[in-house]
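What follows is a single structure, written as structure tokens, with notes after it.
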Amino acid sequence: MRTLLILFFLPIIACGQVEMTEAKMNDLKLNAEIKTGASQFDRYLPLLENKNVGIVANHTSIIGEAHLVDELLGKGVSIHAVYAPEHGFRGDAANGEKVENGKDPSTGLTIYSLYGKTKKPTKAMLEGVDVMIFDMQDVGARFYTYLSTMHYVMEASAEADIPVIVLDRPNPNGFYVDGPVLEEGYESFVGMHPIPIVHGMTLGELARMINGEGWLANGIQCDLTVISCSNYRKSDLYELPVAPSPNLQSMEAVYLYPSLCLFEPTIISIGRGTEQPFEIYGHPDHKYGSLAFTPESMPGKSLHPKHEGETCYGQNLKEFGSFYFQANKQLYLGWFMAMYESFDVGGEFYTSPKFFDKLAGTGSLRQMISDGASESEIRASWKPGLEAFMEQRKPYLLYAGY
């Protein structure tokens with residue numbers, strides 16, 4: 001897995017100049033002293049003594065150079081089974097690719113897939129488990145499916161009277177909150193909770209909120225312990241030690257992901273099937289920019305991507321970096337609205353209107369764009385929901401900074 005690069009601050013971004021004062025630069029410094037929940041053994045190893053442990057983990061579940069599973073086995077912890085999310089335990093399955101049950105060749109441990117036919121652990125999968133650990137790196141967007149996997153693990157564990165320990169990790173997009181709050185009737189695996197697209201919370205905080213707000217089935221509550229990060233503020237830039245999924249291979253892509261993902265159910269390519277997924281966008285029949293790229297199938301990353309084998313024309317957003325999002329603390333709607341207007345094909349712009357509404361968490365965003373609403377009008381429609389959410393989440397927050 002390619003290691004992500006340290007962030008470099010560039011003076012100019014695609015949307016124009018952003019002035020960075022010395023105080024602002026200091027506020028954005030990477031905090032090298034952050035300790036993830038997984039690295040604080042003294043806080044959770046006592047909870048694992050004489051227990052058969054289930055672990056929900058993937059390639060991001062690391063402590064330094066070592067994997068959590070290897071570390072725990074080395075400390076004599078009895079691991080019953082591993083439960084794998086989208087992209088698999090080793091993080092080498094393409095987006096949407098079914099993950100199979102199996103055995104881990106390195107450890108011989110049983111791996112149960114939670115992405116495919118089964119998304120919620122069954123009773124049989126949990127048989128023999130005394131305590132469940134959840135440890136994966138999220139990116140802070142409602143439609144990133146590790147959050148949905150955590151929900152189902154909490155729910156199944158609660159129904160089986162199994163305690164859950166969430167080993168928390170920083171949210172690289174934790175410095176802002178934006179987007180429509182998911183409305184009733186739009187729930188799916190890419191959005192299960194009434195939260196905004198960018199929620200500004202860690203998975204540990206969200207686990208507390210899911211429990212506290214009664215969002216598990218029938219209002220059941222999980223016996224939950226969150227091992228929080230230490231020395232972490234949400235205003236800190238956090239460099240991910242490994243790519244969180246096959247198509248988020250850079251910090252720029254991680255920052256751009258919440259905004260560009262809205263292009264997924266449209267005719268626009270966002271670089272899947274290239275070396276720059278979620279850093280570029282374009283279309284074969286419309287020269288909207290100077291960049292040319294040709295998507296191709298890439299095993300372990302993108303199988304049969306949109307416009308496979310066709311030359312697309314568009315823009316490279318890599319230098320956009322973190323500037324816009326750090327300075328403005330909001331999603332960037334300009335690309336989407338400009339492409340929709342420039343094609344002038346109305347509903348044909350969407351390859352799946354229903355899926356777009358699921359990603360947005362509402363039908364009103366697509367309708368407002370179709371009606372020609374301005375960006376300020378769209379943002380005004382989000383304001384009541386965002387204000388209510390910011391108050392609702394307060395009891396569950398663990399970190400300062402936003």
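By convention in this document, the chains of the structure tokens carry letters A, B, ... by their order, each chain's residues are numbered from 1, and ligands are numbered from 1 in the order they are shown.
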
Residues within 12 Å of Ser302 (chain A), please, as a PDB file with N, CA, C and O atoms, in the first residue's frame. Count only C-alpha atoms; anything in the same chain fewer than 2 positions from it doesn't count.
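The file below, selection05.pdb, is the result:
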ATOM      1  N   HIS A  87     -13.901  -3.353   0.408  1.00  0.00           N
ATOM      2  CA  HIS A  87     -12.493  -3.408  -0.001  1.00  0.00           C
ATOM      3  C   HIS A  87     -11.722  -4.532   0.683  1.00  0.00           C
ATOM      4  O   HIS A  87     -10.565  -4.771   0.344  1.00  0.00           O
ATOM      5  N   ASP A  92      -7.732  -4.619  -0.800  1.00  0.00           N
ATOM      6  CA  ASP A  92      -7.349  -4.791  -2.202  1.00  0.00           C
ATOM      7  C   ASP A  92      -8.523  -5.166  -3.100  1.00  0.00           C
ATOM      8  O   ASP A  92      -8.332  -5.623  -4.224  1.00  0.00           O
ATOM      9  N   ALA A  93      -9.761  -4.949  -2.611  1.00  0.00           N
ATOM     10  CA  ALA A  93     -10.940  -5.198  -3.442  1.00  0.00           C
ATOM     11  C   ALA A  93     -11.435  -3.868  -4.005  1.00  0.00           C
ATOM     12  O   ALA A  93     -11.464  -2.859  -3.308  1.00  0.00           O
ATOM     13  N   ALA A  94     -11.825  -3.874  -5.276  1.00  0.00           N
ATOM     14  CA  ALA A  94     -12.263  -2.645  -5.947  1.00  0.00           C
ATOM     15  C   ALA A  94     -13.563  -2.133  -5.342  1.00  0.00           C
ATOM     16  O   ALA A  94     -14.272  -2.859  -4.631  1.00  0.00           O
ATOM     17  N   ASN A  95     -13.892  -0.871  -5.645  1.00  0.00           N
ATOM     18  CA  ASN A  95     -15.134  -0.294  -5.144  1.00  0.00           C
ATOM     19  C   ASN A  95     -16.332  -1.106  -5.627  1.00  0.00           C
ATOM     20  O   ASN A  95     -16.450  -1.445  -6.808  1.00  0.00           O
ATOM     21  N   GLY A  96     -17.222  -1.448  -4.707  1.00  0.00           N
ATOM     22  CA  GLY A  96     -18.407  -2.215  -5.045  1.00  0.00           C
ATOM     23  C   GLY A  96     -18.182  -3.693  -5.247  1.00  0.00           C
ATOM     24  O   GLY A  96     -19.143  -4.456  -5.409  1.00  0.00           O
ATOM     25  N   GLU A  97     -16.923  -4.145  -5.253  1.00  0.00           N
ATOM     26  CA  GLU A  97     -16.617  -5.559  -5.480  1.00  0.00           C
ATOM     27  C   GLU A  97     -17.003  -6.379  -4.256  1.00  0.00           C
ATOM     28  O   GLU A  97     -16.673  -6.023  -3.120  1.00  0.00           O
ATOM     29  N   SER A 245      -8.737   3.614   1.233  1.00  0.00           N
ATOM     30  CA  SER A 245      -9.369   2.701   0.281  1.00  0.00           C
ATOM     31  C   SER A 245      -8.649   2.833  -1.064  1.00  0.00           C
ATOM     32  O   SER A 245      -7.900   3.790  -1.277  1.00  0.00           O
ATOM     33  N   PRO A 246      -8.858   1.882  -1.978  1.00  0.00           N
ATOM     34  CA  PRO A 246      -8.046   1.836  -3.201  1.00  0.00           C
ATOM     35  C   PRO A 246      -8.105   3.094  -4.064  1.00  0.00           C
ATOM     36  O   PRO A 246      -7.154   3.378  -4.789  1.00  0.00           O
ATOM     37  N   ASN A 247      -9.198   3.845  -4.009  1.00  0.00           N
ATOM     38  CA  ASN A 247      -9.321   5.015  -4.866  1.00  0.00           C
ATOM     39  C   ASN A 247      -9.105   6.338  -4.137  1.00  0.00           C
ATOM     40  O   ASN A 247      -9.382   7.405  -4.696  1.00  0.00           O
ATOM     41  N   LEU A 248      -8.615   6.274  -2.922  1.00  0.00           N
ATOM     42  CA  LEU A 248      -8.228   7.488  -2.199  1.00  0.00           C
ATOM     43  C   LEU A 248      -6.746   7.368  -1.866  1.00  0.00           C
ATOM     44  O   LEU A 248      -6.369   7.044  -0.744  1.00  0.00           O
ATOM     45  N   ILE A 270     -14.920  10.708 -12.485  1.00  0.00           N
ATOM     46  CA  ILE A 270     -14.087  11.348 -11.466  1.00  0.00           C
ATOM     47  C   ILE A 270     -12.750  10.611 -11.326  1.00  0.00           C
ATOM     48  O   ILE A 270     -12.155  10.554 -10.261  1.00  0.00           O
ATOM     49  N   GLY A 271     -12.310  10.042 -12.433  1.00  0.00           N
ATOM     50  CA  GLY A 271     -10.966   9.480 -12.477  1.00  0.00           C
ATOM     51  C   GLY A 271     -10.841   8.044 -12.037  1.00  0.00           C
ATOM     52  O   GLY A 271      -9.720   7.534 -11.957  1.00  0.00           O
ATOM     53  N   ARG A 272     -11.948   7.373 -11.743  1.00  0.00           N
ATOM     54  CA  ARG A 272     -11.829   5.936 -11.465  1.00  0.00           C
ATOM     55  C   ARG A 272     -11.280   5.257 -12.717  1.00  0.00           C
ATOM     56  O   ARG A 272     -11.692   5.564 -13.830  1.00  0.00           O
ATOM     57  N   GLY A 273     -10.350   4.328 -12.517  1.00  0.00           N
ATOM     58  CA  GLY A 273      -9.711   3.684 -13.655  1.00  0.00           C
ATOM     59  C   GLY A 273      -8.519   4.459 -14.183  1.00  0.00           C
ATOM     60  O   GLY A 273      -8.028   4.184 -15.275  1.00  0.00           O
ATOM     61  N   THR A 274      -8.040   5.431 -13.378  1.00  0.00           N
ATOM     62  CA  THR A 274      -6.815   6.154 -13.713  1.00  0.00           C
ATOM     63  C   THR A 274      -5.929   6.170 -12.473  1.00  0.00           C
ATOM     64  O   THR A 274      -6.296   5.641 -11.418  1.00  0.00           O
ATOM     65  N   GLU A 275      -4.766   6.803 -12.581  1.00  0.00           N
ATOM     66  CA  GLU A 275      -3.879   6.935 -11.433  1.00  0.00           C
ATOM     67  C   GLU A 275      -4.254   8.109 -10.546  1.00  0.00           C
ATOM     68  O   GLU A 275      -3.588   8.368  -9.550  1.00  0.00           O
ATOM     69  N   GLN A 276      -5.342   8.821 -10.886  1.00  0.00           N
ATOM     70  CA  GLN A 276      -5.748   9.975 -10.095  1.00  0.00           C
ATOM     71  C   GLN A 276      -7.233   9.967  -9.746  1.00  0.00           C
ATOM     72  O   GLN A 276      -7.938  10.952  -9.952  1.00  0.00           O
ATOM     73  N   PRO A 277      -7.760   8.882  -9.195  1.00  0.00           N
ATOM     74  CA  PRO A 277      -9.172   8.903  -8.811  1.00  0.00           C
ATOM     75  C   PRO A 277      -9.424   9.954  -7.732  1.00  0.00           C
ATOM     76  O   PRO A 277      -8.624  10.161  -6.838  1.00  0.00           O
ATOM     77  N   PRO A 295      -9.974   6.317 -18.777  1.00  0.00           N
ATOM     78  CA  PRO A 295     -10.189   5.299 -17.747  1.00  0.00           C
ATOM     79  C   PRO A 295     -10.029   3.882 -18.298  1.00  0.00           C
ATOM     80  O   PRO A 295     -10.454   3.595 -19.421  1.00  0.00           O
ATOM     81  N   GLU A 296      -9.404   3.034 -17.528  1.00  0.00           N
ATOM     82  CA  GLU A 296      -9.250   1.618 -17.868  1.00  0.00           C
ATOM     83  C   GLU A 296      -9.512   0.785 -16.621  1.00  0.00           C
ATOM     84  O   GLU A 296      -9.310   1.250 -15.500  1.00  0.00           O
ATOM     85  N   SER A 297      -9.920  -0.471 -16.804  1.00  0.00           N
ATOM     86  CA  SER A 297     -10.114  -1.358 -15.658  1.00  0.00           C
ATOM     87  C   SER A 297      -8.800  -1.561 -14.919  1.00  0.00           C
ATOM     88  O   SER A 297      -7.758  -1.811 -15.556  1.00  0.00           O
ATOM     89  N   MET A 298      -8.847  -1.460 -13.601  1.00  0.00           N
ATOM     90  CA  MET A 298      -7.656  -1.635 -12.778  1.00  0.00           C
ATOM     91  C   MET A 298      -8.012  -2.586 -11.635  1.00  0.00           C
ATOM     92  O   MET A 298      -8.717  -2.190 -10.706  1.00  0.00           O
ATOM     93  N   PRO A 299      -7.592  -3.851 -11.716  1.00  0.00           N
ATOM     94  CA  PRO A 299      -7.914  -4.817 -10.670  1.00  0.00           C
ATOM     95  C   PRO A 299      -7.522  -4.302  -9.289  1.00  0.00           C
ATOM     96  O   PRO A 299      -6.446  -3.730  -9.100  1.00  0.00           O
ATOM     97  N   GLY A 300      -8.435  -4.476  -8.345  1.00  0.00           N
ATOM     98  CA  GLY A 300      -8.185  -4.016  -6.980  1.00  0.00           C
ATOM     99  C   GLY A 300      -8.490  -2.558  -6.761  1.00  0.00           C
ATOM    100  O   GLY A 300      -8.446  -2.081  -5.631  1.00  0.00           O
ATOM    101  N   HIS A 304     -14.211  -2.011 -14.755  1.00  0.00           N
ATOM    102  CA  HIS A 304     -15.125  -1.443 -15.740  1.00  0.00           C
ATOM    103  C   HIS A 304     -15.604  -0.051 -15.331  1.00  0.00           C
ATOM    104  O   HIS A 304     -16.794   0.191 -15.109  1.00  0.00           O
ATOM    105  N   PRO A 305     -14.669   0.892 -15.203  1.00  0.00           N
ATOM    106  CA  PRO A 305     -15.043   2.238 -14.778  1.00  0.00           C
ATOM    107  C   PRO A 305     -15.854   2.966 -15.841  1.00  0.00           C
ATOM    108  O   PRO A 305     -15.884   2.569 -17.014  1.00  0.00           O
ATOM    109  N   LYS A 306     -16.487   4.015 -15.453  1.00  0.00           N
ATOM    110  CA  LYS A 306     -17.270   4.857 -16.354  1.00  0.00           C
ATOM    111  C   LYS A 306     -16.383   5.352 -17.507  1.00  0.00           C
ATOM    112  O   LYS A 306     -15.241   5.749 -17.286  1.00  0.00           O
ATOM    113  N   HIS A 307     -16.912   5.295 -18.739  1.00  0.00           N
ATOM    114  CA  HIS A 307     -16.204   5.735 -19.957  1.00  0.00           C
ATOM    115  C   HIS A 307     -14.897   4.969 -20.165  1.00  0.00           C
ATOM    116  O   HIS A 307     -13.893   5.512 -20.626  1.00  0.00           O
ATOM    117  N   GLU A 308     -14.924   3.679 -19.848  1.00  0.00           N
ATOM    118  CA  GLU A 308     -13.735   2.844 -20.014  1.00  0.00           C
ATOM    119  C   GLU A 308     -13.259   2.868 -21.469  1.00  0.00           C
ATOM    120  O   GLU A 308     -14.041   2.673 -22.410  1.00  0.00           O
TER     121      GLU A 308
END

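All residues of protein, DNA or RNA that reach within 12 Å of His286 (chain A), judged by only C-alpha atoms and not counting those fewer than 3 positions away in the chain, are Ile267, Ile268, Ser269, Tyr281, Gly282, His283, Gly289, Ser290, Leu291, Ala292, Thr311, Cys312, Tyr313, Gly314, Gln315, Met339, Tyr340, Ser342, Phe343 and Asp344 of chain A.
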
What separates CA of Val56 (chain A) and CA of Ile133 (chain A) is a distance of 6.1 Å

In terms of only C-alpha atoms, the residue from A:Met390, A:Val190, A:Ala66, A:Ala217 at minimal distance from Val153 (chain A) is A:Ala217

CA of Thr351 (chain A) to CA of Leu262 (chain A) measures 11.7 Å

Nearest to Phe323 (chain A), restricted to only C-alpha atoms and choosing among A:Val69, A:Leu256, A:Ile197, A:Ile210, comes out as A:Leu256

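Across A:Ala84, A:Ile62, A:Leu48, A:Ile369, the tightest approach to Ala338 (chain A) is made by A:Ile369 when counting only C-alpha atoms.
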
* Near-Lys394 (chain A) list (10 Å; only C-alpha atoms; drop same-chain fewer than 5 positions) as an MDAnalysis selection string -> chainID A and resid 205 209 389

Output file for the residues above (N, CA and C atoms, as an mmCIF file, in the first residue's frame):
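The resulting file, part_14.cif, is reproduced below:
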data_model
loop_
_atom_site.group_PDB
_atom_site.id
_atom_site.type_symbol
_atom_site.label_atom_id
_atom_site.label_comp_id
_atom_site.auth_asym_id
_atom_site.auth_seq_id
_atom_site.Cartn_x
_atom_site.Cartn_y
_atom_site.Cartn_z
ATOM 1 N N GLU A 205 -16.921 9.094 18.045
ATOM 2 C CA GLU A 205 -17.984 10.036 18.399
ATOM 3 C C GLU A 205 -19.316 9.611 17.793
ATOM 4 N N MET A 209 -22.989 8.659 19.361
ATOM 5 C CA MET A 209 -24.219 9.302 18.910
ATOM 6 C C MET A 209 -25.259 8.275 18.461
ATOM 7 N N PHE A 389 -28.258 19.850 13.809
ATOM 8 C CA PHE A 389 -27.289 18.772 13.963
ATOM 9 C C PHE A 389 -26.141 19.193 14.873
#

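In this comparison, which uses only C-alpha atoms, the residue of A:Ser250, A:Ile220, A:Glu183, A:Ala57 approaching Ile111 (chain A) most closely is A:Ala57.
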
Contacts of region 134-139 of chain A at 10 Å (only C-alpha atoms; same-chain gap of 5+ positions) as number ranges by chain | A: 36-38, 54-62, 68, 83, 85, 144-147, 149-150, 153-154, 164-174, 198, 200-204, 226, 240-245, 248, 254-255, 257-258

Determine, counting only C-alpha atoms, which protein, DNA and RNA residues have an atom within 9 Å of an atom of Ile34 (chain A); residues of the same chain fewer than 2 positions away are not included. Present the result as a PyMOL selection string.
chain A and resi 31-32+36+170+229-233+238

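Within region 163-223 of chain A, residues classed as strand (DSSP E or B) by DSSP on backbone coordinates are Val164, Ile165, Val166, Leu167, Asp178, Ser188, Gly191 and Val198 of chain A.
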
Selected residues, N, CA and C atoms, written as a compact mmCIF listing (two decimals), in the first residue's frame, please.
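Contents of again.txt, freshly written:
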# COMPACT_ATOMS: atom_id res chain seq x y z
N VAL A 164 -18.79 -3.84 22.68
CA VAL A 164 -18.03 -3.33 21.54
C VAL A 164 -17.03 -2.27 22.02
N ILE A 165 -15.79 -2.41 21.56
CA ILE A 165 -14.75 -1.42 21.84
C ILE A 165 -14.36 -0.77 20.52
N VAL A 166 -14.60 0.52 20.40
CA VAL A 166 -14.19 1.27 19.21
C VAL A 166 -12.85 1.93 19.50
N LEU A 167 -11.85 1.57 18.72
CA LEU A 167 -10.53 2.19 18.82
C LEU A 167 -10.53 3.37 17.85
N ASP A 178 -20.84 20.16 6.73
CA ASP A 178 -21.55 20.79 5.63
C ASP A 178 -22.38 19.76 4.87
N SER A 188 -29.88 4.30 3.30
CA SER A 188 -29.30 3.21 2.53
C SER A 188 -27.94 2.89 3.14
N GLY A 191 -25.77 5.80 3.54
CA GLY A 191 -26.31 6.85 4.39
C GLY A 191 -27.40 6.30 5.28
N VAL A 198 -20.82 15.90 5.27
CA VAL A 198 -19.59 16.04 6.04
C VAL A 198 -20.00 16.35 7.48
